[in-house]
Amino acid sequence: MAEAADFQGMSPSPARRWLRRTGALLAGAPLLAGLCQLPATPAAAASGSSTVSVAVDSLTPSVPTDGDTLTVSGTVTNNGKQTVTDAHVDLRVGLPLTTRSAIDSAAKLTGSQQGANGAPVGGKYVEEFAKLTPGVSERFSIAIPVDELDLGADGVYQFAVSLSGETSAQPWEQVLGIQRTFLPWQPDEADTRTRTTVLWPLISTVHMTAQTGSDESQTPVFRDDDLAKEIAPGGRLEQLVSLGRGLDVTWVVDPDLLASADAMTRSYQVQGEGTATTAGTHQAIAKRWLADLQEAVQDKEVVALPFSDPDLASLAHNGTGVTGSLSHFKEATDVVDNTVGPILHVKPVTDFAWPVNGAVDPSIVKVATSAGADKVIARSDSLQETGGLPYTPSAARPIGGGTTAVVADSRMSTVFQGNLTKASSTTLAVQRFLAQSLSLNLQTGKQRSIVVAPQRMPTVSQAQALAEAVTALQGGTWSQSQELTATAAAKPDAGATTKVPSASAYPSSLRKQELSKPAFQQIAATQGKLDHFEVILSDGSRVVTPFGRAMNREMSASWRGRGTEATDYRDGVESHLNSLTGRVGLIQKSETKLSGRSATIPVTVQNNLVQGVDHLVLRLTSLSPKRLEIGGKEYDEQQVEVSGGHSQTVKFTTTAIANGKETVVAQLYTEDGQKYGTAVTFDVRVTDVTATVMLVIGGGFLLLVLAGFRMYTQRRRAAARKAAEDSPDGTDESADGPENPRGPEERLEEESGTGSRADAPEQPSDPTPDTAAESADPSGTGERVDR
């Protein structure tokens with residue numbers, strides 16, 4: 001962005017410091033002129049400047065003031081092949097850097113370029129080494145009163161630590177290594193302070209799956225146990241909470257992270273190999289982390305992003321053409337209040353959208369504001385100044401349609417990227433951050449509001465460096481903290497850019513990391529299956545809620561640069577949904593045989609879900625209705641309702657028109673006429689029954705009836721005769737009379753002259769005769785003989 005060539009509104013320095021600085025420069029002028037007349041040795045200078053590496057591990061205080069003692073510590077390492085002799089470490093102070101771009105240029109300097117190093121302080125503020133052996137590092141620490149640095153006017157001074165010495169190949173004193181940094185200097189309170197908003201992001205990757213347990217509480221299933229590592233003591237998220245607790249910052253949180261940590265406080269499962277899961281064991285860690293976070297954000301501003309931090313640029317560039325994508329974004333926004341509030345016990349701010357790296361174009365702004373947000377956090381390397389302002393304007397910019405772009409300062413926001421695991425890297429980043437902040441404040445006497453928006457997921461070392469810088473800034477004399485909502489509401493600079501850059505200006509490096517259109521199409525397909533499944537469930541919320549949140553996670557900005565993992569996650573969500581829908585279906589049938597013109601065909605519906613299903617229709621269709629009718633027509637339908645873990649058999653009446661094998665199809669439908677599940681096709685073999693066969697079967701049945709009747713009558717007659725013999729008066733109780741009337745068969749025997757029963761031929765089935773065979777002997781007194 002455009003800047004003033006010089007500082008405007010620089011406060012005057014004390015006369016003594018100005019005189020000492022001027023005198024030092026004048027005294028060094030003849031020496032510099034003489035050096036310029038020496039024969040040039042570019043090769044020697046180039047090799048010498050990289051012989052020894054100098055690392056400034058600590059510079060305290062970062063922002064010195066009058067009366068302070070500046071302590072500079074670090075290491076020097078001989079990277080050459082020759083021993084360095086007569087080595088000594090010097091501190092060097094250069095002239096003030098008058099613009100923010102000058103700071104950028106100075107940060108890129110390498111080697112021992114003369115004129116850029118400043119004059120050595122000298123005196124007793126030097127640390128000497130008799131020799132530096134190749135490959136060996138030596139520690140140094142120099143403490144110097146700030147007054148001895150001869151700092152003049154308020155501003156940013158280039159500060160360097162150099163090592164000078166000799167080698168056998170170059171036996172003269174020369175700078176063999178140097179490390180440059182910056183020393184902000186404003187000992188007195190600034191007349192006008194910059195209002196600085198620092199965003200403190202609490203965002204992670206996706207951890208939870210769509211899978212839940214079949215128990216009443218629906219135990220969640222995590223992809224892995226990585227979240228436990230992040231929130232454990234020393235972990236990235238634990239450090240962010242610990243460091244942010246003591247800072248005056250605006251917290252920016254992803255509700256999905258809070259929901260995941262909250263789920264870990266109870267029973268949860270972790271995916272293992274295949275479909276196996278193991279019980280999670282980090283409930284105590286999750287409870288402690290959430291308790292620390294709740295304490296840290298009390299009385300602080302909390303900005304909540306949509307659930308799982310959707311990738312706005314991916315959605316704008318590749319998702320808006322896919323049906324349902326914007327609906328998912330709206331759902332991700334709607335669930336924020338019910339997620340963040342109950343967990344953190346604060347009311348979050350929900351009207352901010354934050355595209356990746358603050359890069360915007362018209363389509364991104366349109367999507368960002370489609371779910372209700374009216375403020376978009378952009379960055380100054382995207383919404384660049386074109387109006388020729390000689391200073392950095394305030395962050396708030398009206399960009400039309402009632403939308404405000406809150407433009408973060410790119411220089412201060414990006415300084416903590418990269419590898420900051422080394423102490424020297426952290427020190428350089430902190431000093432550069434402070435230098436840019438002071439330089440910005442000195443540009444004009446007008447008060448402005450500035451935003452610092454670091455990367456979404458800083459590492460532990462990056463977070464520590466940022467916290468160190470913010471601590472120094474908040475303890476300095478030129479900046480004051482301000483919440484993001486206040487910055488967004490501040491009066492914008494009249495000359496600041498308000499035009500959103502075109503889509504062609506969007507960085508190609510970021511486009512390559514976006515979710516593709518097929519990714520959004522897969523999400524839409526999963527949503528279609530979920531809608532189809534929901535209509536048959538007795539309690540749809542058990543499925544809709546976990547899958548809805550999983551599809552929000554599929555759109556997360558955290559998938560950038562992790563395309564393979566993103567695809568695996570989407571496939572896993574869809575696969576799990578398919579497995580659930582497949583638990584409701586028809587049981588396969590083998591060939592069915594029908595003997596006769598009419599019969600029933602049973603079809604079984606099985607429900608292996610834990611909840612009941614209804615609103616289903618089972619249709620049985622004949623593929624040859626002229627030969628086999630179902631319910632008197634081509635097909636018949638019946639309503640189906642099956643309890644969880646049960647099955648139901650539905651019977652259909654069929655009518656056969658002709659013999660043979662016919663094919664029928666069983667298919668489930670939802671009540672709106674959509675097919676559900678896979679159809680079951682099976683054959684029905686019809687066997688016709690002829691009239692002759694029916695006559696034979698009928699005749700046989702009649703013979704069985706007659707035989708049974710004859711046996712019955714014979715047994716009655718036998719019983720009657722036995723009773724007559726047992727009677728005391730010899731009366732035959734089976735004879736005709738009122739008490740024992742004869743049966744029609746007995747009367748028929750007498751009337752036809754067939755003689756007595758004893759004369760009749762005996763049938764194989766007849767019982768034993770009532771009397772003995774006739775004898776020629778005279779009968780005894782009173783003995784009755786049947787004739």
# chains A, B, ... in the order shown; residues from 1 in each chain; ligands from 1
>>> residues_around(residues="Val617 of chain A", least_positions_apart="5", cutoff="9 Å", atoms="only C-alpha atoms", output="PyMOL selection string")
chain A and resi 637-641+667-671+673
>>> select_by_dssp(residues="segment 213-281 of chain A", states="helix (DSSP H, G or I)", output="number ranges by chain")
A: 226-231, 236-244, 255-264
>>> write_last_selection(atoms="C-alpha atoms", output="compact mmCIF listing (two decimals), in the first residue's frame")
# COMPACT_ATOMS: atom_id res chain seq x y z
CA ASP A 226 -5.62 -36.34 17.86
CA LEU A 227 -7.89 -33.84 19.60
CA ALA A 228 -6.84 -35.29 22.93
CA LYS A 229 -3.22 -34.56 22.02
CA GLU A 230 -4.06 -30.96 21.11
CA ILE A 231 -5.91 -30.18 24.34
CA ARG A 236 -1.39 -26.76 20.59
CA LEU A 237 -4.91 -25.89 21.74
CA GLU A 238 -3.95 -26.08 25.39
CA GLN A 239 -1.16 -23.59 24.74
CA LEU A 240 -3.48 -21.25 22.86
CA VAL A 241 -5.85 -21.15 25.82
CA SER A 242 -3.02 -20.75 28.31
CA LEU A 243 -1.32 -17.98 26.33
CA GLY A 244 -4.50 -16.16 25.38
CA PRO A 255 -18.21 -24.25 17.28
CA ASP A 256 -17.28 -27.69 15.96
CA LEU A 257 -14.14 -27.68 18.09
CA LEU A 258 -16.18 -26.85 21.18
CA ALA A 259 -18.78 -29.51 20.34
CA SER A 260 -16.06 -32.12 19.83
CA ALA A 261 -14.32 -31.29 23.11
CA ASP A 262 -17.66 -31.33 24.90
CA ALA A 263 -18.44 -34.76 23.44
CA MET A 264 -15.11 -36.01 24.80
>>> select_by_dssp(residues="segment 64-175 of chain A", states="strand (DSSP E or B)", output="VMD selection string")
chain A and resid 69 to 78 84 to 97 119 to 120 127 to 132 137 to 145 155 to 166 174 to 175
>>> closest_residue(among="A:Glu331, A:Val156, A:Gly234, A:Arg570", to="Trp289 of chain A", atoms="only C-alpha atoms")
A:Gly234
>>> closest_residue(among="A:Ala371, A:Val146, A:Ala169, A:Val349", to="Val63 of chain A", atoms="only C-alpha atoms")
A:Val146
>>> residues_around(residues="segment 504-520 of chain A", least_positions_apart="5", cutoff="8 Å", atoms="only C-alpha atoms", output="list of chain:residue names")
A:Asp311, A:Ala313, A:Ser314, A:Leu315, A:Asn318, A:Gly319, A:Val322, A:Ser325, A:Ala359, A:Val360, A:Asp361, A:Ser382, A:Met555, A:Trp559, A:Arg560, A:Gly561, A:Gly563, A:Thr567
>>> write_last_selection(atoms="C-alpha atoms", output="short mmCIF file (atom, residue, chain, number, x, y, z; two decimals), in the first residue's frame")
data_model
loop_
_atom_site.label_atom_id
_atom_site.label_comp_id
_atom_site.auth_asym_id
_atom_site.auth_seq_id
_atom_site.Cartn_x
_atom_site.Cartn_y
_atom_site.Cartn_z
CA ASP A 311 -14.48 -22.79 3.22
CA ALA A 313 -14.02 -19.39 -1.24
CA SER A 314 -14.53 -23.04 -2.22
CA LEU A 315 -18.24 -22.65 -1.73
CA ASN A 318 -17.30 -24.39 -6.85
CA GLY A 319 -20.33 -24.99 -4.65
CA VAL A 322 -24.67 -27.45 -6.70
CA SER A 325 -24.65 -26.21 -0.81
CA ALA A 359 -8.74 -13.22 0.31
CA VAL A 360 -11.99 -11.89 -1.18
CA ASP A 361 -13.75 -11.37 -4.49
CA SER A 382 -6.29 -8.77 -1.08
CA MET A 555 -17.04 -28.24 3.77
CA TRP A 559 -9.28 -29.60 4.41
CA ARG A 560 -7.15 -27.16 2.37
CA GLY A 561 -3.94 -28.89 1.39
CA GLY A 563 -7.40 -33.30 -0.48
CA THR A 567 -12.12 -37.38 0.04
#
>>> atom_distance(atom1="atom CA of Phe352 of chain A", atom2="atom CA of Ile377 of chain A")
7.0 Å
>>> closest_atom_pairs(of="segment 202-266 of chain A", to="segment 470-491 of chain A", cutoff="12 Å", atoms="only C-alpha atoms", output="Markdown table")
| residue | atom | partner | partner_atom | distance |
| --- | --- | --- | --- | --- |
| A:Leu243 | CA | A:Thr471 | CA | 9.9 |
| A:Gly244 | CA | A:Val470 | CA | 9.9 |
| A:Arg245 | CA | A:Thr471 | CA | 11.5 |
| A:Gly246 | CA | A:Thr471 | CA | 8.6 |
| A:Leu247 | CA | A:Thr471 | CA | 6.8 |
| A:Asp248 | CA | A:Ser481 | CA | 6.5 |
| A:Val249 | CA | A:Glu483 | CA | 7.1 |
| A:Thr250 | CA | A:Glu483 | CA | 6.0 |
| A:Trp251 | CA | A:Leu484 | CA | 9.4 |
| A:Val252 | CA | A:Leu484 | CA | 10.0 |
>>> write_last_selection(atoms="C-alpha atoms", output="mmCIF file, in the first residue's frame")
data_model
loop_
_atom_site.group_PDB
_atom_site.id
_atom_site.type_symbol
_atom_site.label_atom_id
_atom_site.label_comp_id
_atom_site.auth_asym_id
_atom_site.auth_seq_id
_atom_site.Cartn_x
_atom_site.Cartn_y
_atom_site.Cartn_z
ATOM 1 C CA LEU A 243 -1.317 -17.979 26.327
ATOM 2 C CA GLY A 244 -4.496 -16.164 25.376
ATOM 3 C CA ARG A 245 -5.778 -16.058 28.921
ATOM 4 C CA GLY A 246 -3.525 -13.131 29.832
ATOM 5 C CA LEU A 247 -3.958 -11.159 26.587
ATOM 6 C CA ASP A 248 -6.476 -8.532 25.603
ATOM 7 C CA VAL A 249 -7.590 -10.218 22.381
ATOM 8 C CA THR A 250 -10.763 -11.145 20.503
ATOM 9 C CA TRP A 251 -11.289 -14.897 20.542
ATOM 10 C CA VAL A 252 -12.369 -16.455 17.233
#
>>> residues_around(residues="Arg397 of chain A", least_positions_apart="5", cutoff="12 Å", atoms="only C-alpha atoms", output="ChimeraX atom specification")
/A:374-380,383-385,402-408,449-450,487-500
>>> residues_around(residues="Phe329 of chain A", least_positions_apart="5", cutoff="9 Å", atoms="only C-alpha atoms", output="PyMOL selection string")
chain A and resi 306-307+310+312+315+324+334+367+370-371+552+555
>>> closest_residue(among="A:Ser461, A:Thr69, A:Thr194, A:Ser308", to="Lys446 of chain A", atoms="only C-alpha atoms")
A:Thr194
>>> residues_around(residues="Thr663 of chain A", least_positions_apart="3", cutoff="10 Å", atoms="only C-alpha atoms", output="ChimeraX atom specification")
/A:591-592,621-625,628,681-685
>>> atom_distance(atom1="atom CA of Arg288 of chain A", atom2="atom CA of Ala469 of chain A")
27.2 Å
>>> residues_around(residues="Ala465 of chain A", least_positions_apart="6", cutoff="12 Å", atoms="only C-alpha atoms", output="VMD selection string")
chain A and resid 58 239 to 240 243 to 244 415 to 434 454 458 to 459 471 to 472
>>> closest_residue(among="A:Lys287, A:Arg266, A:Lys593, A:Lys347", to="Asp299 of chain A", atoms="only C-alpha atoms")
A:Lys347
>>> closest_residue(among="A:Thr209, A:Asn79, A:Thr386, A:Gln436", to="Leu577 of chain A", atoms="only C-alpha atoms")
A:Thr209
>>> atom_distance(atom1="atom CA of Gln648 of chain A", atom2="atom CA of Gln606 of chain A")
6.5 Å
